[in-house]
There are 2 protein chains.
Amino acid sequence: MTTIYDVAKAAGVTAATVSYVLSGRGSISQATREKVLKCAHELGYRPNLLARSLTKQQTRTIGLVIPHIINPFYAGIAETVERNAYTRGFRTVITNTYEDERLGQELLEDLAARRVDGIIALPGGLSLAAIQSMLKSGLPVICCLWEEEGQNIPSGVGLDFKRGGQLVARHLLELGHRRLSIIVDTRPDGSLDHHLRFSGFTETLQDAGCPLEPQFIAHGDSSLESGEAAAHQLLTQPERPTALFATNDLMAMGAISAAWKLGLRVPHDLSVVGFDNIALSPFMAPPLTTVNVDRDRLVTLALNLLLGRIEGKQLETPPLLLPEMVIRSSTAAPASERGPASP
Amino acid sequence: MTTIYDVAKAAGVTAATVSYVLSGRGSISQATREKVLKCAHELGYRPNLLARSLTKQQTRTIGLVIPHIINPFYAGIAETVERNAYTRGFRTVITNTYEDERLGQELLEDLAARRVDGIIALPGGLSLAAIQSMLKSGLPVICCLWEEEGQNIPSGVGLDFKRGGQLVARHLLELGHRRLSIIVDTRPDGSLDHHLRFSGFTETLQDAGCPLEPQFIAHGDSSLESGEAAAHQLLTQPERPTALFATNDLMAMGAISAAWKLGLRVPHDLSVVGFDNIALSPFMAPPLTTVNVDRDRLVTLALNLLLGRIEGKQLETPPLLLPEMVIRSSTAAPASERGPASP
DNA sequence: CTGAAAGCGCTAACAA
DNA sequence: TTGTTAGCGCTTTCAG
């Protein structure tokens, strides 16, 4: 691997000079600049970021920690962060916890060891303690979409998940549904946002005098598989629900799949609502009614916060983002309200 | 940030000693070992990988270059690579070209500048020239799923895409379809694998005396959107095809969506076949018939090759992987062959 | 406009 | 068992 010294020797100058022309700093005569550039090119010189970062004490790199890239919601976030950070001069390294707190901890340590300039952390596989520890060592961490009972979360950008649950309940109620069901991800080690979607949903039903029945509550782990399994269970009961809310789009897709396999038509026999509005949602059969999370805004805010912190500014956390209903074709009035089916 | 020197001073030893206990190398008395460990912990010491990598001349990190993480096919590959590499002691940094060759080139340079120990490169947004250039500078690069007319590809692991196209044609033919259509990604700057899926498909039809009609060929860019648009075009012609092959699963999903919106039932009115067998495929409505690419095997082979090369071994490229049909519920005999529809 | 020199944090001979 | 020392590749004062 050719170094700056090799280039310097070839160009008959010193390493410092090469460094200057390469960085565009300092004032260098046109002649030597060209000579250096030429030599660098000929020797196939490639800067060593390790060395550079070591001296400059910054990497212009941020870390992004998410639970699982296979979930299109996180893939979308990852893309947005990567592109956004890139235009602001930062590289992004994406890491998956796979919902494993041990791994999550390790990843955080690793990012710190790589001396990323800052981290954006999403819940799922990350303990608050681990984050605090990073923060304490001076590494900026921005928490996105984080919800944690009681404890105060480090600065970040949040979303009003509870409101999301309310919106869904209201939508379904307005369509005339009375036998509602839910598939919710409430794994003990998961983050609490699904609980909030759940409570927003149930409380609204309660208030409307139409409380959620216990047998219409099923659990999943946010995956397609779990959504399908939970929906199957819900839909094979003696009295079926007419509507189903899955607390994320992937489980909703699984639910639609379960319905399909049972010969039930969505939305005729069953209305389905998801949460997240992933890129796939408009292309499901039928297109999924869901709750949108404004990822662009989320990421922009998070990055503002993070890059601000990296530059030493202590910006204040923005207000909660507001989710909004996206009504597509997977919801309709219950069949009894509409007369006979039309194919 | 506390360094090894801080720890050394606190423990009353020298930096080298600290390095030794931290790495577990050398022989250190139990007493000092404990003392050092204790100090390191108390000071919140975190190793600096930049410095470490700089001296060790290796990062234990590999780069993965893919077109677009939002495509579940690539997300799946990314996960497999990351997990696999991790168990072998390597970290992975995932980068997206977004199908942009300029960006792709830059990413490659960046990975090299970060001194990753090796790279796994998938086609789409990467020029062969850029890869060759990395190779020339001594950085191991393994090309996966690469197809390039004439030119000889650097070592890597490939798949018999043509055969995949043949399998699809055969499957559809056997079901009794005669009016077949295809949505293919043949962007000029894309990789050639879709061309191969296409030619395998068309040639088989040709041989069967049932050549693909020109108006039944549509184009996409591998995205959901493009699949839906292309399918819409195909399905609104005076005489509809009875079967549709999309050269990847995402476009197939778009096609199912288009069919749904036109009130056509899959597979009753239209059979749909995809390619890739992404994690979503079994959960589409209906579950998608597709061509499986054995990602585990692919990644294992690629990693063997890469880690081998990193250790200096020059292993020979394994034979092409063989794709295989996965028949699910999106294909059936054409309606005319089956009598009237059953709901 | 360019060179000399110190330093970023860590590792690995080699001595002691 | 531990310390000394040189060096990894680059940046950046400070001189000249």
# chains A, B, ... in the order shown; residues from 1 in each chain; ligands from 1
>>> calpha_fit_and_write(fixed="chain B", moving="chain A", output="compact mmCIF listing (two decimals) with C-alpha atoms, in the first residue's frame")
# COMPACT_ATOMS: atom_id res chain seq x y z
CA MET A 1 -11.10 9.68 25.89
CA THR A 2 -8.86 7.64 28.11
CA THR A 3 -5.95 5.90 26.46
CA ILE A 4 -3.75 3.01 27.25
CA TYR A 5 -1.28 5.43 28.79
CA ASP A 6 -3.81 6.73 31.25
CA VAL A 7 -4.50 3.20 32.33
CA ALA A 8 -0.80 2.46 32.53
CA LYS A 9 -0.14 5.44 34.73
CA ALA A 10 -3.04 4.62 37.02
CA ALA A 11 -1.85 1.06 37.37
CA GLY A 12 1.73 2.08 37.84
CA VAL A 13 2.96 0.15 34.84
CA THR A 14 3.90 0.92 31.28
CA ALA A 15 1.70 1.07 28.22
CA ALA A 16 3.19 -2.09 26.82
CA THR A 17 2.09 -4.01 29.85
CA VAL A 18 -1.42 -2.72 29.55
CA SER A 19 -1.45 -3.72 25.93
CA TYR A 20 -0.35 -7.20 26.90
CA VAL A 21 -3.00 -7.76 29.51
CA LEU A 22 -5.67 -6.34 27.26
CA SER A 23 -4.71 -8.59 24.39
CA GLY A 24 -4.06 -11.59 26.58
CA ARG A 25 -0.70 -12.04 24.91
CA GLY A 26 2.62 -12.23 26.72
CA SER A 27 2.96 -13.37 30.28
CA ILE A 28 1.82 -11.05 33.00
CA SER A 29 1.64 -11.69 36.70
CA GLN A 30 -1.80 -12.24 38.08
CA ALA A 31 -1.35 -9.24 40.35
CA THR A 32 -0.61 -6.63 37.69
CA ARG A 33 -3.16 -8.15 35.34
CA GLU A 34 -5.89 -7.58 37.87
CA LYS A 35 -4.66 -4.16 38.73
CA VAL A 36 -4.59 -3.12 35.10
CA LEU A 37 -8.00 -4.56 34.41
CA LYS A 38 -9.39 -2.74 37.39
CA CYS A 39 -7.93 0.58 36.36
CA ALA A 40 -9.06 0.14 32.80
CA HIS A 41 -12.56 -0.48 33.97
CA GLU A 42 -12.60 2.37 36.42
CA LEU A 43 -11.33 4.82 33.87
CA GLY A 44 -13.87 3.61 31.35
CA TYR A 45 -11.12 2.72 28.96
CA ARG A 46 -12.21 1.84 25.44
CA PRO A 47 -9.64 0.69 22.93
CA ASN A 48 -9.09 2.80 19.86
CA LEU A 49 -9.56 0.56 16.86
CA LEU A 50 -8.14 3.19 14.57
CA ALA A 51 -4.81 3.06 16.32
CA ARG A 52 -4.92 -0.66 16.71
CA SER A 53 -5.72 -1.26 13.08
CA LEU A 54 -3.07 1.18 12.02
CA THR A 55 -0.31 -0.73 13.71
CA LYS A 56 -1.66 -4.19 13.09
CA GLN A 57 -2.24 -3.43 9.48
CA GLN A 58 -5.60 -5.12 9.50
CA THR A 59 -9.07 -4.16 10.58
CA ARG A 60 -10.87 -7.49 10.83
CA THR A 61 -13.58 -5.79 8.88
CA ILE A 62 -15.03 -6.55 5.50
CA GLY A 63 -17.06 -4.36 3.21
CA LEU A 64 -20.26 -5.44 1.53
CA VAL A 65 -21.43 -3.47 -1.47
CA ILE A 66 -25.00 -3.93 -2.61
CA PRO A 67 -27.31 -1.89 -4.78
CA HIS A 68 -30.12 -1.18 -2.38
CA ILE A 69 -30.85 -2.39 1.11
CA ILE A 70 -34.55 -1.71 0.68
CA ASN A 71 -34.78 -4.74 -1.57
CA PRO A 72 -35.35 -7.63 0.81
CA PHE A 73 -33.19 -9.84 -1.32
CA TYR A 74 -30.18 -7.70 -0.54
CA ALA A 75 -31.27 -7.17 3.03
CA GLY A 76 -31.28 -10.93 3.41
CA ILE A 77 -27.82 -11.20 1.90
CA ALA A 78 -26.60 -8.43 4.14
CA GLU A 79 -27.90 -10.16 7.23
CA THR A 80 -26.38 -13.46 6.23
CA VAL A 81 -23.03 -11.91 5.50
CA GLU A 82 -23.03 -9.90 8.70
CA ARG A 83 -23.90 -12.85 10.92
CA ASN A 84 -21.61 -15.22 9.16
CA ALA A 85 -18.67 -12.86 9.16
CA TYR A 86 -19.29 -12.06 12.79
CA THR A 87 -18.98 -15.64 13.89
CA ARG A 88 -15.71 -15.79 12.00
CA GLY A 89 -14.41 -12.76 13.81
CA PHE A 90 -15.06 -10.10 11.20
CA ARG A 91 -17.22 -7.04 11.29
CA THR A 92 -19.14 -6.02 8.19
CA VAL A 93 -19.77 -2.59 6.85
CA ILE A 94 -22.70 -2.51 4.49
CA THR A 95 -22.85 0.09 1.77
CA ASN A 96 -25.46 0.89 -0.86
CA THR A 97 -24.67 2.12 -4.33
CA TYR A 98 -28.29 2.98 -5.05
CA GLU A 99 -27.40 1.77 -8.52
CA ASP A 100 -25.21 4.78 -9.05
CA GLU A 101 -21.84 3.95 -10.53
CA ARG A 102 -20.29 7.18 -9.39
CA LEU A 103 -21.36 6.49 -5.86
CA GLY A 104 -20.33 2.86 -6.20
CA GLN A 105 -16.86 3.88 -7.18
CA GLU A 106 -16.65 6.25 -4.28
CA LEU A 107 -17.83 3.63 -1.84
CA LEU A 108 -15.19 1.24 -3.03
CA GLU A 109 -12.56 3.91 -2.56
CA ASP A 110 -13.90 4.67 0.85
CA LEU A 111 -13.81 1.05 1.94
CA ALA A 112 -10.26 0.80 0.70
CA ALA A 113 -9.37 3.99 2.53
CA ARG A 114 -10.83 2.50 5.69
CA ARG A 115 -8.55 -0.41 5.07
CA VAL A 116 -11.19 -3.12 5.20
CA ASP A 117 -9.52 -6.48 4.85
CA GLY A 118 -11.69 -7.47 1.92
CA ILE A 119 -14.85 -6.74 0.00
CA ILE A 120 -17.86 -8.68 -1.20
CA ALA A 121 -19.38 -6.97 -4.20
CA LEU A 122 -22.76 -7.52 -5.78
CA PRO A 123 -23.57 -6.10 -9.16
CA GLY A 124 -25.63 -2.97 -9.66
CA GLY A 125 -23.85 0.35 -9.39
CA LEU A 126 -20.38 -1.13 -9.58
CA SER A 127 -18.20 -1.08 -12.66
CA LEU A 128 -15.88 -3.92 -13.35
CA ALA A 129 -13.13 -1.40 -13.87
CA ALA A 130 -13.54 -0.05 -10.38
CA ILE A 131 -13.29 -3.55 -8.99
CA GLN A 132 -10.23 -4.37 -11.02
CA SER A 133 -8.60 -1.27 -9.67
CA MET A 134 -9.14 -2.46 -6.10
CA LEU A 135 -7.86 -5.86 -6.97
CA LYS A 136 -4.76 -4.37 -8.52
CA SER A 137 -3.97 -2.53 -5.34
CA GLY A 138 -4.04 -5.84 -3.51
CA LEU A 139 -7.41 -5.59 -1.84
CA PRO A 140 -9.31 -8.87 -2.04
CA VAL A 141 -12.70 -8.52 -3.71
CA ILE A 142 -15.17 -11.34 -4.20
CA CYS A 143 -17.88 -10.81 -6.79
CA CYS A 144 -21.19 -12.49 -6.12
CA LEU A 145 -23.92 -13.14 -8.65
CA TRP A 146 -21.97 -11.27 -11.25
CA GLU A 147 -22.54 -11.66 -14.95
CA GLU A 148 -20.70 -9.72 -17.53
CA GLU A 149 -20.66 -10.34 -21.21
CA GLY A 150 -17.37 -11.66 -22.47
CA GLN A 151 -15.11 -9.99 -19.94
CA ASN A 152 -13.78 -12.32 -17.35
CA ILE A 153 -15.07 -11.63 -13.94
CA PRO A 154 -12.76 -11.62 -10.97
CA SER A 155 -13.17 -14.65 -8.76
CA GLY A 156 -16.44 -15.00 -6.98
CA VAL A 157 -19.53 -17.09 -6.75
CA GLY A 158 -22.16 -17.14 -9.43
CA LEU A 159 -25.56 -18.55 -10.07
CA ASP A 160 -26.98 -20.16 -13.17
CA PHE A 161 -29.54 -17.47 -13.87
CA LYS A 162 -30.31 -18.78 -17.30
CA ARG A 163 -31.36 -22.04 -15.81
CA GLY A 164 -33.66 -20.13 -13.49
CA GLY A 165 -35.42 -18.61 -16.46
CA GLN A 166 -35.74 -22.03 -18.01
CA LEU A 167 -37.28 -23.49 -14.89
CA VAL A 168 -39.92 -20.80 -14.83
CA ALA A 169 -40.82 -21.31 -18.46
CA ARG A 170 -41.05 -25.02 -18.00
CA HIS A 171 -43.25 -24.70 -14.95
CA LEU A 172 -45.66 -22.39 -16.68
CA LEU A 173 -45.72 -24.46 -19.83
CA GLU A 174 -46.46 -27.58 -17.84
CA LEU A 175 -49.39 -25.87 -16.21
CA GLY A 176 -50.78 -25.34 -19.69
CA HIS A 177 -50.08 -21.67 -20.21
CA ARG A 178 -49.58 -20.50 -23.76
CA ARG A 179 -49.96 -16.75 -23.48
CA LEU A 180 -46.98 -15.90 -21.34
CA SER A 181 -45.57 -12.52 -20.50
CA ILE A 182 -42.51 -11.18 -18.75
CA ILE A 183 -41.40 -8.13 -16.85
CA VAL A 184 -37.66 -7.86 -17.04
CA ASP A 185 -35.11 -5.48 -15.66
CA THR A 186 -32.83 -4.67 -18.54
CA ARG A 187 -31.55 -1.28 -17.70
CA PRO A 188 -28.45 -0.62 -19.74
CA ASP A 189 -26.24 0.00 -16.74
CA GLY A 190 -27.66 -2.89 -14.73
CA SER A 191 -25.92 -6.21 -14.43
CA LEU A 192 -26.63 -8.89 -16.94
CA ASP A 193 -28.25 -11.45 -14.73
CA HIS A 194 -31.74 -10.31 -15.64
CA HIS A 195 -30.87 -10.71 -19.28
CA LEU A 196 -29.98 -14.29 -18.56
CA ARG A 197 -33.20 -14.95 -16.71
CA PHE A 198 -34.89 -13.49 -19.73
CA SER A 199 -33.04 -15.51 -22.33
CA GLY A 200 -33.45 -18.75 -20.40
CA PHE A 201 -37.16 -18.05 -20.31
CA THR A 202 -37.66 -17.04 -23.92
CA GLU A 203 -35.46 -19.73 -25.38
CA THR A 204 -37.35 -22.40 -23.56
CA LEU A 205 -40.63 -21.02 -24.82
CA GLN A 206 -39.20 -20.86 -28.30
CA ASP A 207 -38.09 -24.47 -28.12
CA ALA A 208 -41.53 -25.46 -26.96
CA GLY A 209 -43.02 -23.89 -30.06
CA CYS A 210 -44.62 -21.15 -28.06
CA PRO A 211 -42.47 -18.07 -28.59
CA LEU A 212 -42.91 -15.05 -26.40
CA GLU A 213 -44.89 -12.36 -28.18
CA PRO A 214 -43.31 -8.91 -28.29
CA GLN A 215 -46.30 -7.15 -26.78
CA PHE A 216 -45.95 -9.42 -23.79
CA ILE A 217 -42.53 -8.14 -22.89
CA ALA A 218 -42.41 -5.25 -20.43
CA HIS A 219 -39.59 -3.61 -18.59
CA GLY A 220 -38.97 -2.62 -15.02
CA ASP A 221 -36.15 -1.53 -12.77
CA SER A 222 -36.53 -4.21 -10.13
CA SER A 223 -38.69 -2.03 -7.92
CA LEU A 224 -42.23 -2.61 -6.72
CA GLU A 225 -43.43 0.49 -8.51
CA SER A 226 -41.99 -0.53 -11.82
CA GLY A 227 -43.42 -4.02 -11.47
CA GLU A 228 -46.85 -2.66 -10.86
CA ALA A 229 -46.66 -0.23 -13.75
CA ALA A 230 -45.35 -2.81 -16.18
CA ALA A 231 -47.96 -5.34 -15.15
CA HIS A 232 -50.69 -2.79 -15.52
CA GLN A 233 -49.57 -2.19 -19.05
CA LEU A 234 -49.40 -5.90 -19.80
CA LEU A 235 -52.79 -6.62 -18.30
CA THR A 236 -54.75 -3.87 -19.96
CA GLN A 237 -54.07 -5.05 -23.46
CA PRO A 238 -56.97 -6.37 -25.51
CA GLU A 239 -55.77 -9.91 -25.11
CA ARG A 240 -54.36 -10.56 -21.68
CA PRO A 241 -51.56 -12.98 -20.93
CA THR A 242 -52.51 -15.83 -18.62
CA ALA A 243 -49.15 -15.93 -16.93
CA LEU A 244 -46.52 -13.43 -15.97
CA PHE A 245 -42.90 -13.90 -15.03
CA ALA A 246 -41.24 -11.03 -13.23
CA THR A 247 -37.49 -11.31 -13.02
CA ASN A 248 -37.48 -10.53 -9.34
CA ASP A 249 -39.88 -10.96 -6.46
CA LEU A 250 -40.39 -7.28 -5.83
CA MET A 251 -41.66 -6.73 -9.36
CA ALA A 252 -43.78 -9.86 -9.00
CA MET A 253 -45.34 -8.34 -5.91
CA GLY A 254 -46.00 -5.19 -7.87
CA ALA A 255 -47.62 -7.32 -10.56
CA ILE A 256 -49.90 -9.02 -8.06
CA SER A 257 -50.83 -5.60 -6.81
CA ALA A 258 -51.62 -4.43 -10.34
CA ALA A 259 -53.76 -7.51 -10.91
CA TRP A 260 -55.61 -6.89 -7.67
CA LYS A 261 -56.36 -3.34 -8.67
CA LEU A 262 -57.69 -4.51 -12.01
CA GLY A 263 -59.95 -6.97 -10.25
CA LEU A 264 -58.05 -9.97 -11.57
CA ARG A 265 -57.52 -12.86 -9.25
CA VAL A 266 -54.16 -14.55 -8.90
CA PRO A 267 -53.75 -17.34 -9.82
CA HIS A 268 -57.23 -17.82 -11.28
CA ASP A 269 -57.02 -15.10 -13.88
CA LEU A 270 -53.29 -14.74 -13.92
CA SER A 271 -50.39 -16.83 -12.78
CA VAL A 272 -47.42 -14.92 -11.42
CA VAL A 273 -43.87 -16.10 -10.91
CA GLY A 274 -41.04 -14.18 -9.32
CA PHE A 275 -37.34 -14.72 -8.81
CA ASP A 276 -35.18 -14.58 -5.64
CA ASN A 277 -37.48 -16.09 -3.05
CA ILE A 278 -37.24 -13.21 -0.65
CA ALA A 279 -38.47 -13.59 2.90
CA LEU A 280 -41.75 -11.92 1.98
CA SER A 281 -42.67 -14.31 -0.79
CA PRO A 282 -44.42 -16.91 1.34
CA PHE A 283 -46.55 -14.19 2.85
CA MET A 284 -47.87 -12.52 -0.22
CA ALA A 285 -51.51 -12.98 -1.07
CA PRO A 286 -51.24 -15.41 -2.71
CA PRO A 287 -47.91 -16.88 -1.64
CA LEU A 288 -45.55 -16.40 -4.51
CA THR A 289 -44.22 -19.09 -6.76
CA THR A 290 -40.63 -18.15 -7.38
CA VAL A 291 -37.10 -19.27 -7.96
CA ASN A 292 -34.98 -19.81 -4.93
CA VAL A 293 -31.44 -18.56 -4.61
CA ASP A 294 -29.66 -20.32 -1.79
CA ARG A 295 -28.34 -17.34 0.08
CA ASP A 296 -26.76 -19.25 2.90
CA ARG A 297 -24.72 -21.29 0.52
CA LEU A 298 -23.91 -18.26 -1.57
CA VAL A 299 -22.66 -16.30 1.37
CA THR A 300 -20.79 -19.19 2.89
CA LEU A 301 -18.94 -19.78 -0.33
CA ALA A 302 -18.22 -16.11 -0.81
CA LEU A 303 -16.92 -15.74 2.71
CA ASN A 304 -14.77 -18.82 2.39
CA LEU A 305 -13.28 -17.38 -0.72
CA LEU A 306 -12.77 -13.97 0.80
CA LEU A 307 -11.35 -15.01 4.12
CA GLY A 308 -9.14 -17.46 2.31
CA ARG A 309 -7.82 -14.69 0.10
CA ILE A 310 -7.29 -12.46 3.08
CA GLU A 311 -5.08 -15.13 4.56
CA GLY A 312 -3.23 -15.29 1.31
CA LYS A 313 -4.67 -18.52 -0.02
CA GLN A 314 -5.77 -18.46 -3.61
CA LEU A 315 -8.80 -20.71 -3.67
CA GLU A 316 -10.50 -21.63 -6.88
CA THR A 317 -13.94 -20.36 -7.74
CA PRO A 318 -16.71 -22.81 -6.96
CA PRO A 319 -19.12 -23.97 -9.67
CA LEU A 320 -22.28 -21.98 -10.39
CA LEU A 321 -25.02 -22.35 -7.86
CA LEU A 322 -28.20 -23.91 -9.15
CA PRO A 323 -31.50 -22.12 -8.69
CA GLU A 324 -34.60 -24.12 -7.94
CA MET A 325 -38.33 -23.64 -8.38
CA VAL A 326 -40.40 -22.99 -5.30
CA ILE A 327 -43.97 -23.62 -6.20
CA ARG A 328 -46.50 -21.88 -4.08
CA SER A 329 -49.96 -20.56 -4.79
CA SER A 330 -49.53 -17.78 -7.30
CA THR A 331 -49.45 -20.18 -10.23
CA ALA A 332 -52.12 -22.55 -11.52
CA ALA A 333 -53.43 -23.85 -14.79
CA PRO A 334 -54.99 -21.14 -16.92
CA ALA A 335 -58.67 -20.61 -16.24
CA SER A 336 -59.78 -22.00 -19.59
CA GLU A 337 -58.24 -25.30 -18.65
CA ARG A 338 -60.04 -25.54 -15.40
CA GLY A 339 -63.64 -24.70 -15.99
CA PRO A 340 -65.44 -21.91 -14.13
CA ALA A 341 -63.91 -20.02 -11.28
CA SER A 342 -64.40 -21.04 -7.72
CA PRO A 343 -64.14 -18.14 -5.27
>>> interface_residues(of="chain D", to="chain B", cutoff="9 Å", atoms="only C-alpha atoms (C1' of nucleotides)", output="PyMOL selection string")
chain D and resi 1-3+7-9
>>> select_by_dssp(residues="range 102-204 of chain A", states="strand (DSSP E)", output="PyMOL selection string")
chain A and resi 118-121+141-144+156-157+180-185
>>> write_last_selection(atoms="N, CA and C atoms", output="compact mmCIF listing (two decimals), in the first residue's frame")
# COMPACT_ATOMS: atom_id res chain seq x y z
N GLY A 118 -20.64 9.96 16.29
CA GLY A 118 -21.92 9.97 16.99
C GLY A 118 -22.76 8.77 16.60
N ILE A 119 -23.83 8.55 17.33
CA ILE A 119 -24.65 7.37 17.09
C ILE A 119 -26.13 7.72 17.10
N ILE A 120 -26.86 7.10 16.18
CA ILE A 120 -28.31 7.18 16.22
C ILE A 120 -28.80 5.80 16.62
N ALA A 121 -29.57 5.75 17.69
CA ALA A 121 -29.97 4.45 18.23
C ALA A 121 -31.48 4.28 18.23
N VAL A 141 -25.12 10.39 21.46
CA VAL A 141 -26.07 9.38 21.02
C VAL A 141 -27.46 10.01 20.95
N ILE A 142 -28.12 9.82 19.83
CA ILE A 142 -29.48 10.32 19.69
C ILE A 142 -30.42 9.12 19.64
N CYS A 143 -31.41 9.12 20.50
CA CYS A 143 -32.36 8.01 20.56
C CYS A 143 -33.60 8.36 19.75
N CYS A 144 -33.94 7.49 18.82
CA CYS A 144 -35.12 7.75 18.00
C CYS A 144 -36.23 6.78 18.35
N GLY A 156 -33.45 12.95 21.98
CA GLY A 156 -33.72 12.23 20.76
C GLY A 156 -35.01 12.72 20.15
N VAL A 157 -35.52 11.94 19.20
CA VAL A 157 -36.79 12.36 18.63
C VAL A 157 -37.80 11.22 18.73
N LEU A 180 -63.46 -5.97 17.29
CA LEU A 180 -62.09 -5.65 16.88
C LEU A 180 -61.08 -6.59 17.54
N SER A 181 -59.96 -6.75 16.88
CA SER A 181 -58.91 -7.57 17.46
C SER A 181 -57.57 -6.90 17.23
N ILE A 182 -56.57 -7.38 17.93
CA ILE A 182 -55.25 -6.77 17.80
C ILE A 182 -54.15 -7.82 17.90
N ILE A 183 -53.12 -7.60 17.13
CA ILE A 183 -51.89 -8.39 17.28
C ILE A 183 -50.83 -7.41 17.72
N VAL A 184 -50.28 -7.64 18.87
CA VAL A 184 -49.35 -6.65 19.41
C VAL A 184 -48.03 -7.31 19.82
N ASP A 185 -46.98 -6.57 19.60
CA ASP A 185 -45.65 -7.05 19.98
C ASP A 185 -45.34 -6.54 21.38
>>> select_by_dssp(residues="range 89-319 of chain B", states="alpha helix (DSSP H)", output="ChimeraX atom specification")
/B:101-113,128-136,161-175,193-207,224-235,249-261,295-310
>>> atom_distance(atom1="C1' of DA13 in chain C", atom2="C1' of DT11 in chain D")
27.7 Å
>>> atom_distance(atom1="C1' of DT5 in chain D", atom2="C1' of DC10 in chain C")
13.4 Å
>>> closest_atom_pairs(of="chain C", to="chain A", cutoff="7 Å", atoms="only C-alpha atoms (C1' of nucleotides)", output="JSON lines")
{"residue": "C:DC1", "atom": "C1'", "partner": "A:Ile28", "partner_atom": "CA", "distance": 5.9}
{"residue": "C:DT2", "atom": "C1'", "partner": "A:Thr17", "partner_atom": "CA", "distance": 6.7}
{"residue": "C:DG3", "atom": "C1'", "partner": "A:Thr14", "partner_atom": "CA", "distance": 6.7}
{"residue": "C:DC8", "atom": "C1'", "partner": "A:Thr55", "partner_atom": "CA", "distance": 4.3}
>>> decode(residues="chain C", atoms="C-alpha atoms (C1' of nucleotides)", output="PDB file, in the first residue's frame")
ATOM      1  C1'  DC C   1       5.955  28.145  -0.529  1.00  0.00           C
ATOM      2  C1'  DT C   2       8.066  24.069   1.760  1.00  0.00           C
ATOM      3  C1'  DG C   3      10.479  21.292   5.368  1.00  0.00           C
ATOM      4  C1'  DA C   4      11.262  19.468  10.156  1.00  0.00           C
ATOM      5  C1'  DA C   5       9.249  17.469  13.915  1.00  0.00           C
ATOM      6  C1'  DA C   6       5.901  16.125  17.189  1.00  0.00           C
ATOM      7  C1'  DG C   7       2.018  13.556  18.137  1.00  0.00           C
ATOM      8  C1'  DC C   8      -2.579  10.725  17.500  1.00  0.00           C
ATOM      9  C1'  DG C   9      -3.094   5.458  20.401  1.00  0.00           C
ATOM     10  C1'  DC C  10      -1.536   1.156  19.992  1.00  0.00           C
ATOM     11  C1'  DT C  11       1.554  -3.140  19.094  1.00  0.00           C
ATOM     12  C1'  DA C  12       5.612  -5.934  18.957  1.00  0.00           C
ATOM     13  C1'  DA C  13      10.361  -6.935  18.901  1.00  0.00           C
ATOM     14  C1'  DC C  14      14.100  -6.739  21.861  1.00  0.00           C
ATOM     15  C1'  DA C  15      16.303  -5.896  26.282  1.00  0.00           C
ATOM     16  C1'  DA C  16      16.615  -6.069  30.866  1.00  0.00           C
TER      17       DA C  16
END
